[in-house]
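Below: start-v4.cif (mmCIF, C-alpha atoms (C1' of nucleotides))
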data_final
loop_
_atom_site.label_atom_id
_atom_site.label_comp_id
_atom_site.auth_asym_id
_atom_site.auth_seq_id
_atom_site.Cartn_x
_atom_site.Cartn_y
_atom_site.Cartn_z
CA MET E 75 82.23 -26.48 -11.92
CA ASP E 76 83.19 -29.84 -10.69
CA ILE E 77 82.39 -32.92 -12.60
CA ALA E 78 79.03 -33.56 -11.03
CA GLU E 79 77.72 -30.22 -12.19
CA VAL E 80 78.96 -30.74 -15.71
CA SER E 81 77.35 -34.13 -15.62
CA GLU E 82 74.09 -32.72 -14.42
CA ARG E 83 74.05 -29.91 -16.91
CA SER E 84 75.09 -31.99 -19.88
CA GLY E 85 73.35 -35.19 -19.02
CA ILE E 86 76.59 -37.05 -19.48
CA PRO E 87 77.73 -39.33 -16.66
CA PRO E 88 80.96 -38.51 -14.84
CA SER E 89 82.54 -41.72 -16.00
CA THR E 90 82.00 -40.64 -19.56
CA LEU E 91 83.35 -37.19 -18.89
CA ARG E 92 86.51 -38.67 -17.46
CA TYR E 93 86.70 -40.96 -20.42
CA TYR E 94 86.34 -38.04 -22.79
CA GLU E 95 89.05 -36.16 -21.00
CA GLU E 96 91.34 -39.14 -21.21
CA LYS E 97 90.64 -39.28 -24.94
CA GLY E 98 91.42 -35.61 -25.30
CA LEU E 99 87.93 -34.61 -26.24
CA ILE E 100 87.52 -32.25 -23.38
CA ALA E 101 89.93 -30.66 -20.95
CA SER E 102 89.53 -29.69 -17.36
CA SER E 103 90.68 -26.23 -16.49
CA GLY E 104 92.63 -27.41 -13.49
CA ARG E 105 92.14 -29.20 -10.22
CA HIS E 106 90.78 -28.28 -6.89
CA GLY E 107 92.64 -30.77 -4.80
CA LEU E 108 92.06 -33.92 -6.72
CA ARG E 109 88.92 -32.74 -8.33
CA ARG E 110 88.73 -31.65 -11.90
CA GLN E 111 87.36 -28.21 -12.45
CA PHE E 112 85.62 -27.40 -15.68
CA SER E 113 84.81 -24.08 -17.21
CA ALA E 114 81.43 -23.44 -18.77
CA ALA E 115 82.96 -23.77 -22.22
CA VAL E 116 83.07 -27.50 -21.75
CA LEU E 117 79.32 -27.63 -22.07
CA GLU E 118 79.46 -26.12 -25.51
CA ARG E 119 82.15 -28.55 -26.42
CA LEU E 120 80.11 -31.44 -25.17
CA ALA E 121 77.21 -30.27 -27.25
CA LEU E 122 79.49 -30.23 -30.23
CA ILE E 123 80.66 -33.70 -29.41
CA GLY E 124 77.06 -34.78 -29.16
CA ILE E 125 76.38 -33.42 -32.59
CA GLY E 126 79.40 -35.13 -33.98
CA ARG E 127 78.37 -38.45 -32.49
CA ALA E 128 74.87 -38.01 -33.80
CA ALA E 129 76.25 -37.31 -37.23
CA GLY E 130 78.14 -40.56 -37.13
CA PHE E 131 81.62 -39.37 -36.33
CA SER E 132 83.64 -41.60 -34.07
CA LEU E 133 85.21 -40.15 -30.96
CA ASP E 134 88.57 -40.27 -32.66
CA GLU E 135 87.28 -38.36 -35.63
CA ILE E 136 85.77 -35.79 -33.35
CA ALA E 137 89.01 -35.48 -31.44
CA GLN E 138 90.76 -34.69 -34.69
CA MET E 139 88.25 -32.04 -35.57
CA PHE E 140 89.11 -30.04 -32.54
CA ALA E 141 92.51 -29.05 -33.77
CA PRO E 142 95.40 -29.36 -31.32
CA ASP E 143 94.90 -25.76 -30.24
CA GLY E 144 91.65 -26.77 -28.69
CA ARG E 145 89.05 -24.69 -30.44
CA PRO E 146 86.77 -26.32 -32.93
CA HIS E 147 88.46 -25.94 -36.25
CA ILE E 148 86.28 -28.16 -38.26
CA ASP E 149 87.27 -29.40 -41.64
CA ARG E 150 84.51 -28.23 -43.93
CA GLN E 151 85.26 -30.84 -46.50
CA LYS E 152 84.87 -33.59 -43.96
CA LEU E 153 81.53 -32.14 -43.09
CA THR E 154 80.42 -32.30 -46.67
CA VAL E 155 81.61 -35.85 -47.01
CA LYS E 156 79.73 -36.77 -43.88
CA ALA E 157 76.64 -34.98 -45.07
CA ASP E 158 76.72 -36.94 -48.30
CA GLU E 159 77.21 -40.12 -46.38
CA LEU E 160 74.25 -39.20 -44.26
CA ASP E 161 72.26 -38.60 -47.39
CA ARG E 162 72.93 -42.06 -48.64
CA THR E 163 72.07 -43.54 -45.30
CA ILE E 164 68.85 -41.62 -45.22
CA ARG E 165 67.87 -42.86 -48.62
CA LYS E 166 68.50 -46.43 -47.61
CA LEU E 167 66.62 -46.06 -44.40
CA SER E 168 63.72 -44.49 -46.23
CA ALA E 169 63.57 -47.43 -48.56
CA MET E 170 63.71 -49.75 -45.58
CA ARG E 171 60.96 -47.92 -43.83
CA ASP E 172 58.75 -48.14 -46.86
CA GLY E 173 59.51 -51.81 -47.12
CA LEU E 174 58.66 -52.39 -43.48
CA ARG E 175 55.46 -50.45 -43.74
CA HIS E 176 54.42 -52.38 -46.75
CA ALA E 177 55.26 -55.66 -45.10
CA ALA E 178 53.21 -54.63 -42.11
CA ALA E 179 50.20 -53.74 -44.22
CA CYS E 180 50.48 -56.46 -46.81
CA LYS E 181 47.70 -59.01 -46.87
CA ALA E 182 49.65 -61.92 -48.25
CA PRO E 183 49.52 -64.79 -45.73
CA THR E 184 53.26 -64.85 -45.37
CA HIS E 185 55.55 -62.12 -46.53
CA MET E 186 57.26 -64.52 -48.80
CA GLU E 187 54.20 -64.69 -50.96
CA CYS E 188 53.98 -60.97 -51.48
CA PRO E 189 55.57 -59.88 -54.72
CA LYS E 190 56.43 -56.48 -53.38
CA PHE E 191 58.16 -57.99 -50.37
CA ARG E 192 60.05 -60.36 -52.59
CA ARG E 193 61.15 -57.42 -54.65
CA ILE E 194 62.57 -55.76 -51.57
CA LEU E 195 64.24 -58.99 -50.62
CA LYS E 196 65.76 -59.26 -54.03
CA ALA E 197 66.96 -55.69 -53.96
CA ALA E 198 68.47 -56.28 -50.55
CA ALA E 199 70.07 -59.50 -51.67
CA SER E 200 71.65 -57.86 -54.68
CA GLY E 201 73.70 -55.51 -52.67
CA GLY E 202 71.57 -52.42 -52.34
CA VAL E 203 71.10 -52.54 -48.65
CA GLY E 204 73.78 -52.04 -46.12
CA ALA E 205 73.05 -49.32 -43.64
CA ARG E 206 73.34 -50.79 -40.26
CA ILE E 207 71.81 -48.44 -37.83
CA LYS E 208 71.95 -48.45 -34.13
CA LYS E 209 69.33 -47.90 -31.56
CA ALA E 210 69.13 -44.32 -30.45
CA PRO E 211 71.40 -43.86 -27.46
CA PRO E 212 70.07 -42.92 -24.06
CA GLY E 213 70.72 -39.28 -24.85
CA PRO E 214 70.65 -36.60 -22.20
CA ARG E 215 69.59 -38.30 -19.04
CA ALA E 216 69.48 -35.46 -16.58
CA THR E 217 68.70 -37.21 -13.31
CA PRO E 218 68.47 -40.93 -14.00
CA MET S 4 75.50 -76.37 -51.25
CA ASP S 5 78.33 -76.38 -48.85
CA ILE S 6 79.20 -73.38 -46.84
CA ALA S 7 81.59 -71.87 -49.35
CA GLU S 8 78.93 -71.66 -51.97
CA VAL S 9 76.46 -70.06 -49.64
CA SER S 10 79.16 -67.67 -48.67
CA GLU S 11 79.93 -66.84 -52.24
CA ARG S 12 76.35 -66.44 -53.22
CA SER S 13 75.33 -64.40 -50.22
CA GLY S 14 78.51 -62.46 -49.71
CA ILE S 15 78.56 -63.54 -46.10
CA PRO S 16 81.74 -65.13 -44.78
CA PRO S 17 81.64 -68.73 -43.61
CA SER S 18 82.52 -67.70 -40.09
CA THR S 19 79.44 -65.54 -40.00
CA LEU S 20 77.30 -68.28 -41.43
CA ARG S 21 78.45 -70.66 -38.72
CA TYR S 22 77.81 -67.95 -36.19
CA TYR S 23 74.31 -67.43 -37.54
CA GLU S 24 73.64 -71.12 -37.39
CA GLU S 25 74.83 -71.26 -33.82
CA LYS S 26 72.47 -68.41 -33.02
CA GLY S 27 69.61 -70.21 -34.68
CA LEU S 28 69.19 -67.72 -37.47
CA ILE S 29 69.77 -70.24 -40.17
CA ALA S 30 69.82 -74.01 -40.25
CA SER S 31 71.85 -76.40 -42.30
CA SER S 32 69.87 -79.13 -43.95
CA GLY S 33 72.27 -81.82 -42.82
CA ARG S 34 75.87 -82.84 -43.11
CA HIS S 35 77.96 -84.39 -45.75
CA GLY S 36 80.59 -85.93 -43.57
CA LEU S 37 81.48 -83.04 -41.33
CA ARG S 38 80.37 -80.44 -43.76
CA ARG S 39 77.20 -78.52 -43.41
CA GLN S 40 74.90 -78.67 -46.37
CA PHE S 41 72.55 -75.85 -47.06
CA SER S 42 69.47 -75.72 -49.21
CA ALA S 43 68.84 -72.80 -51.49
CA ALA S 44 66.22 -71.49 -49.10
CA VAL S 45 68.97 -70.32 -46.82
CA LEU S 46 69.81 -67.59 -49.29
CA GLU S 47 66.37 -66.15 -49.02
CA ARG S 48 66.62 -66.34 -45.31
CA LEU S 49 69.93 -64.60 -45.34
CA ALA S 50 68.46 -61.85 -47.46
CA LEU S 51 65.72 -61.49 -44.92
CA ILE S 52 68.28 -61.34 -42.17
CA GLY S 53 70.12 -58.70 -44.12
CA ILE S 54 66.99 -56.64 -44.37
CA GLY S 55 66.34 -57.02 -40.70
CA ARG S 56 69.85 -55.93 -39.83
CA ALA S 57 69.59 -52.98 -42.18
CA ALA S 58 66.35 -51.99 -40.53
CA GLY S 59 68.06 -51.95 -37.18
CA PHE S 60 66.89 -55.22 -35.70
CA SER S 61 69.40 -57.05 -33.58
CA LEU S 62 70.22 -60.65 -34.38
CA ASP S 63 68.20 -61.73 -31.39
CA GLU S 64 65.20 -59.79 -32.55
CA ILE S 65 65.52 -61.31 -35.97
CA ALA S 66 65.78 -64.76 -34.48
CA GLN S 67 62.49 -64.19 -32.72
CA MET S 68 60.81 -63.06 -35.90
CA PHE S 69 61.38 -66.38 -37.49
CA ALA S 70 58.92 -68.15 -35.29
CA PRO S 71 60.01 -71.47 -33.77
CA ASP S 72 58.54 -73.33 -36.73
CA GLY S 73 61.21 -71.83 -38.88
CA ARG S 74 59.37 -69.91 -41.54
CA PRO S 75 59.29 -66.16 -41.39
CA HIS S 76 56.25 -65.32 -39.39
CA ILE S 77 56.88 -61.69 -38.87
CA ASP S 78 55.02 -59.70 -36.33
CA ARG S 79 53.40 -56.93 -38.30
CA GLN S 80 53.10 -54.70 -35.32
CA LYS S 81 56.79 -54.92 -34.66
CA LEU S 82 57.37 -53.89 -38.24
CA THR S 83 55.24 -50.84 -37.79
CA VAL S 84 57.01 -49.91 -34.60
CA LYS S 85 60.31 -50.31 -36.32
CA ALA S 86 59.15 -48.28 -39.29
CA ASP S 87 58.13 -45.46 -36.98
CA GLU S 88 61.44 -45.68 -35.23
CA LEU S 89 63.13 -45.49 -38.58
CA ASP S 90 61.06 -42.45 -39.39
CA ARG S 91 62.28 -40.66 -36.33
CA THR S 92 65.84 -41.61 -37.06
CA ILE S 93 65.48 -40.35 -40.59
CA ARG S 94 64.15 -37.04 -39.43
CA LYS S 95 67.03 -36.60 -37.04
CA LEU S 96 69.56 -37.57 -39.61
CA SER S 97 68.03 -35.17 -42.07
CA ALA S 98 68.35 -32.37 -39.59
CA MET S 99 71.92 -33.38 -38.94
CA ARG S 100 72.71 -33.45 -42.60
CA ASP S 101 71.29 -29.98 -43.07
CA GLY S 102 73.30 -28.80 -40.11
CA LEU S 103 76.47 -30.31 -41.48
CA ARG S 104 75.90 -28.86 -44.88
CA HIS S 105 75.31 -25.47 -43.44
CA ALA S 106 78.37 -25.70 -41.28
CA ALA S 107 80.38 -26.66 -44.32
CA ALA S 108 79.14 -23.72 -46.34
CA CYS S 109 78.96 -21.15 -43.59
CA LYS S 110 81.32 -18.24 -43.90
CA ALA S 111 81.71 -17.43 -40.24
CA PRO S 112 85.39 -17.75 -39.30
CA THR S 113 84.67 -20.37 -36.73
CA HIS S 114 81.45 -22.30 -36.50
CA MET S 115 80.96 -20.99 -33.05
CA GLU S 116 80.33 -17.55 -34.42
CA CYS S 117 77.63 -18.64 -36.78
CA PRO S 118 74.19 -18.10 -35.32
CA LYS S 119 72.71 -20.91 -37.32
CA PHE S 120 75.35 -23.30 -36.08
CA ARG S 121 74.82 -22.18 -32.53
CA ARG S 122 71.15 -22.82 -32.98
CA ILE S 123 71.88 -26.37 -34.01
CA LEU S 124 74.19 -26.74 -31.07
CA LYS S 125 71.55 -25.49 -28.75
CA ALA S 126 68.97 -27.81 -30.21
CA ALA S 127 71.35 -30.68 -29.83
CA ALA S 128 72.21 -29.69 -26.31
CA SER S 129 68.60 -29.56 -25.30
CA GLY S 130 67.99 -33.16 -25.99
CA GLY S 131 66.76 -33.28 -29.55
CA VAL S 132 69.61 -35.20 -30.99
CA GLY S 133 70.44 -38.74 -30.24
CA ALA S 134 70.57 -40.96 -33.26
CA ARG S 135 73.85 -42.74 -33.23
CA ILE S 136 74.43 -44.18 -36.59
CA LYS S 137 76.99 -46.63 -37.70
CA LYS S 138 79.13 -46.72 -40.74
CA ALA S 139 77.61 -48.76 -43.49
CA PRO S 140 78.83 -52.34 -43.16
CA PRO S 141 80.98 -53.93 -45.83
CA GLY S 142 77.89 -55.42 -47.41
CA PRO S 143 78.00 -58.20 -49.96
CA ARG S 144 81.63 -58.80 -50.74
CA ALA S 145 81.42 -61.51 -53.31
CA THR S 146 85.03 -62.53 -53.81
CA PRO S 147 87.15 -60.58 -51.30
"C1'" DA M 303 97.07 -95.44 -50.52
"C1'" DT M 304 97.85 -90.83 -49.89
"C1'" DG M 305 97.87 -85.91 -50.06
"C1'" DC M 306 95.51 -82.01 -49.42
"C1'" DA M 307 92.00 -78.45 -49.75
"C1'" DA M 308 88.06 -77.50 -47.63
"C1'" DG M 309 85.71 -78.20 -44.17
"C1'" DT M 310 85.12 -78.77 -38.79
"C1'" DT M 311 85.21 -77.36 -33.37
"C1'" DC M 312 86.26 -74.57 -29.56
"C1'" DA M 313 88.17 -70.94 -27.19
"C1'" DA M 314 89.80 -66.60 -27.35
"C1'" DG M 315 90.33 -62.05 -29.34
"C1'" DC M 316 88.75 -57.52 -31.28
"C1'" DC M 317 86.26 -53.10 -31.73
"C1'" DG M 318 84.20 -48.79 -29.78
"C1'" DA M 319 82.30 -46.59 -26.16
"C1'" DC M 320 81.64 -46.86 -22.02
"C1'" DT M 321 80.65 -48.71 -17.03
"C1'" DT M 322 81.93 -50.79 -12.75
"C1'" DG M 323 84.48 -51.84 -8.66
"C1'" DA M 324 88.06 -51.68 -5.36
"C1'" DG M 325 90.75 -48.97 -2.82
"C1'" DG M 326 92.69 -44.15 -2.08
"C1'" DT M 327 92.55 -38.86 -1.27
"C1'" DC M 328 91.03 -34.64 0.11
"C1'" DA M 329 88.20 -30.17 1.41
"C1'" DA M 330 84.75 -28.58 3.93
"C1'" DG M 331 81.17 -28.69 7.61
"C1'" DA M 332 79.92 -30.12 12.55
"C1'" DT C 887 89.82 -32.30 14.87
"C1'" DC C 888 87.46 -35.58 12.71
"C1'" DT C 889 84.16 -37.42 9.72
"C1'" DT C 890 82.05 -37.70 5.54
"C1'" DG C 891 81.06 -37.98 0.95
"C1'" DA C 892 82.35 -36.34 -3.36
"C1'" DC C 893 85.89 -37.11 -6.04
"C1'" DC C 894 90.07 -39.67 -7.65
"C1'" DT C 895 92.88 -43.72 -10.34
"C1'" DC C 896 93.49 -47.94 -12.54
"C1'" DA C 897 92.24 -52.30 -14.10
"C1'" DA C 898 88.90 -55.01 -15.68
"C1'" DG C 899 84.29 -55.98 -17.41
"C1'" DT C 900 80.29 -55.43 -20.80
"C1'" DC C 901 77.89 -55.70 -25.16
"C1'" DG C 902 76.98 -57.16 -30.01
"C1'" DG C 903 78.66 -59.11 -33.85
"C1'" DC C 904 81.86 -61.21 -35.60
"C1'" DT C 905 86.90 -62.92 -36.71
"C1'" DT C 906 90.97 -65.60 -35.85
"C1'" DG C 907 93.86 -69.41 -34.68
"C1'" DA C 908 95.13 -73.93 -33.46
"C1'" DA C 909 94.31 -78.50 -33.89
"C1'" DC C 910 91.56 -81.89 -36.14
"C1'" DT C 911 88.62 -84.67 -39.78
"C1'" DT C 912 86.90 -85.61 -44.43
"C1'" DG C 913 85.88 -86.51 -49.30
"C1'" DC C 914 87.86 -86.72 -53.47
"C1'" DA C 915 91.54 -86.78 -57.01
"C1'" DT C 916 95.82 -88.73 -58.11
#

Is it possible to express this structure as structure tokens?
Amino acid sequence: MDIAEVSERSGIPPSTLRYYEEKGLIASSGRHGLRRQFSAAVLERLALIGIGRAAGFSLDEIAQMFAPDGRPHIDRQKLTVKADELDRTIRKLSAMRDGLRHAAACKAPTHMECPKFRRILKAAASGGVGARIKKAPPGPRATP
Amino acid sequence: MDIAEVSERSGIPPSTLRYYEEKGLIASSGRHGLRRQFSAAVLERLALIGIGRAAGFSLDEIAQMFAPDGRPHIDRQKLTVKADELDRTIRKLSAMRDGLRHAAACKAPTHMECPKFRRILKAAASGGVGARIKKAPPGPRATP
DNA sequence: ATGCAAGTTCAAGCCGACTTGAGGTCAAGA
DNA sequence: TCTTGACCTCAAGTCGGCTTGAACTTGCAT
């Protein structure tokens, strides 16, 4: 496959694929002239990368997970750590969501007058809150 | 209060406070010489900002929530939208966490040989996954 | 009167994850 | 053979949210 096909099949733009290769996240199986050729395996790898990203691993972390030999040799302990981290994030986000929903429904003229909202505020102020989340990324964009 | 006190009480560094002021997120109540003076209300506002950030609003979005008049006049519909968004994120993260935990526990020699893992991969590949999360921020760091 | 810590401004830098643009190369179809 | 268009490289730009550094000004204590 050349890069365009990988791009099409994975939904990842060529520029990103080149970037990933440069970072050592994926490897091309050779060149046809100038052009990178990829084997089908790269798609699986890209899926794995996608999962890793979604789980909050940085590209560098992901690169380390694929041991030098190339195949995914994932550190199970790291996974557990990440899962726990995710758990904490989820709890925070759940609290946030509840807070938002309440604020949206609350009849107090301004949120500041609502005791429940003030409680959330206070909780947030006293260090409980901290999960900064990001907008969902574009995700697979087959033919943009 | 001058900036150092606000910083201390909110856990937000002075540089960030100045940045927030520049962005219109907070306002100083005047100057004492060169020095910004802040009223206690700014702490509440900062807490609100913290909540907004934690809920995934950008600084610009937050700035808009505080209507031009200054007091938090939050669009309830936006809150609901954001809460729903948060809900979706939470669901994805939960799935991720389960996947990670399974991968960590799974006995297959490599994850690629585990049917469950491959199922996750496939799900991810086919567009389900996309929540990019960020590491939790430093959060209130009272006296660094 | 003077020293100095704590403030100030402004411009520039940093981070991660990419994207964009200019200019170059090459294989395959007409 | 020649054109074409898909690919290439490399440098630089983008974005959000800050931080850092240099050079400067103040209020207050000595």

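Proximity to chain S at a cut-off of 10 Å picks out DG902, DG903, DC904, DT905, DT906, DT911, DT912 and DG913 of chain C on chain C, counting only C-alpha atoms (C1' of nucleotides).
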
task: Please evaluate the PyMOL selection byres ((chain M and resi 312) around 10) against the structure above and give the resulting residues as a PyMOL selection string.
output: (chain M and resi 311+313-314) or (chain C and resi 908-909)

- request: Compile the residues of chain M that lie within 10 Å of chain E, evaluated using all atoms listed in the file, and express the compilation as a list in words.
  value: DG318, DA319, DC320, DT321, DT322, DT327, DC328 and DA329 of chain M

message: Running the PyMOL selection byres ((chain M and resi 323) around 12) on this model by hand, what would come out? Give it as a VMD selection string.
response: (chain M and resid 321 to 322 324 to 325) or (chain C and resid 895 to 899)

message: When the PyMOL selection byres ((chain S and resi 101) around 12) is applied to the structure above, which residues does it catch, written out as a ChimeraX atom specification?
response: /E:129,153-154,156-158,160-161 /S:94-100,102-109,119-120,123

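Considering the residues E:Arg150, E:Lys196, E:Arg119, E:Lys97 and counting all atoms listed in the file, chain S has its shortest atom-to-atom contact with E:Arg150.
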
- prompt: With all atoms listed in the file as the atoms that count, which of S:Val84, S:Gln67, S:Pro118, S:Ala50 lies nearest to chain E?
  reply: S:Ala50

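Between CA of Ser13 in chain S and CA of Glu47 in chain S the interatomic distance comes to 9.2 Å.
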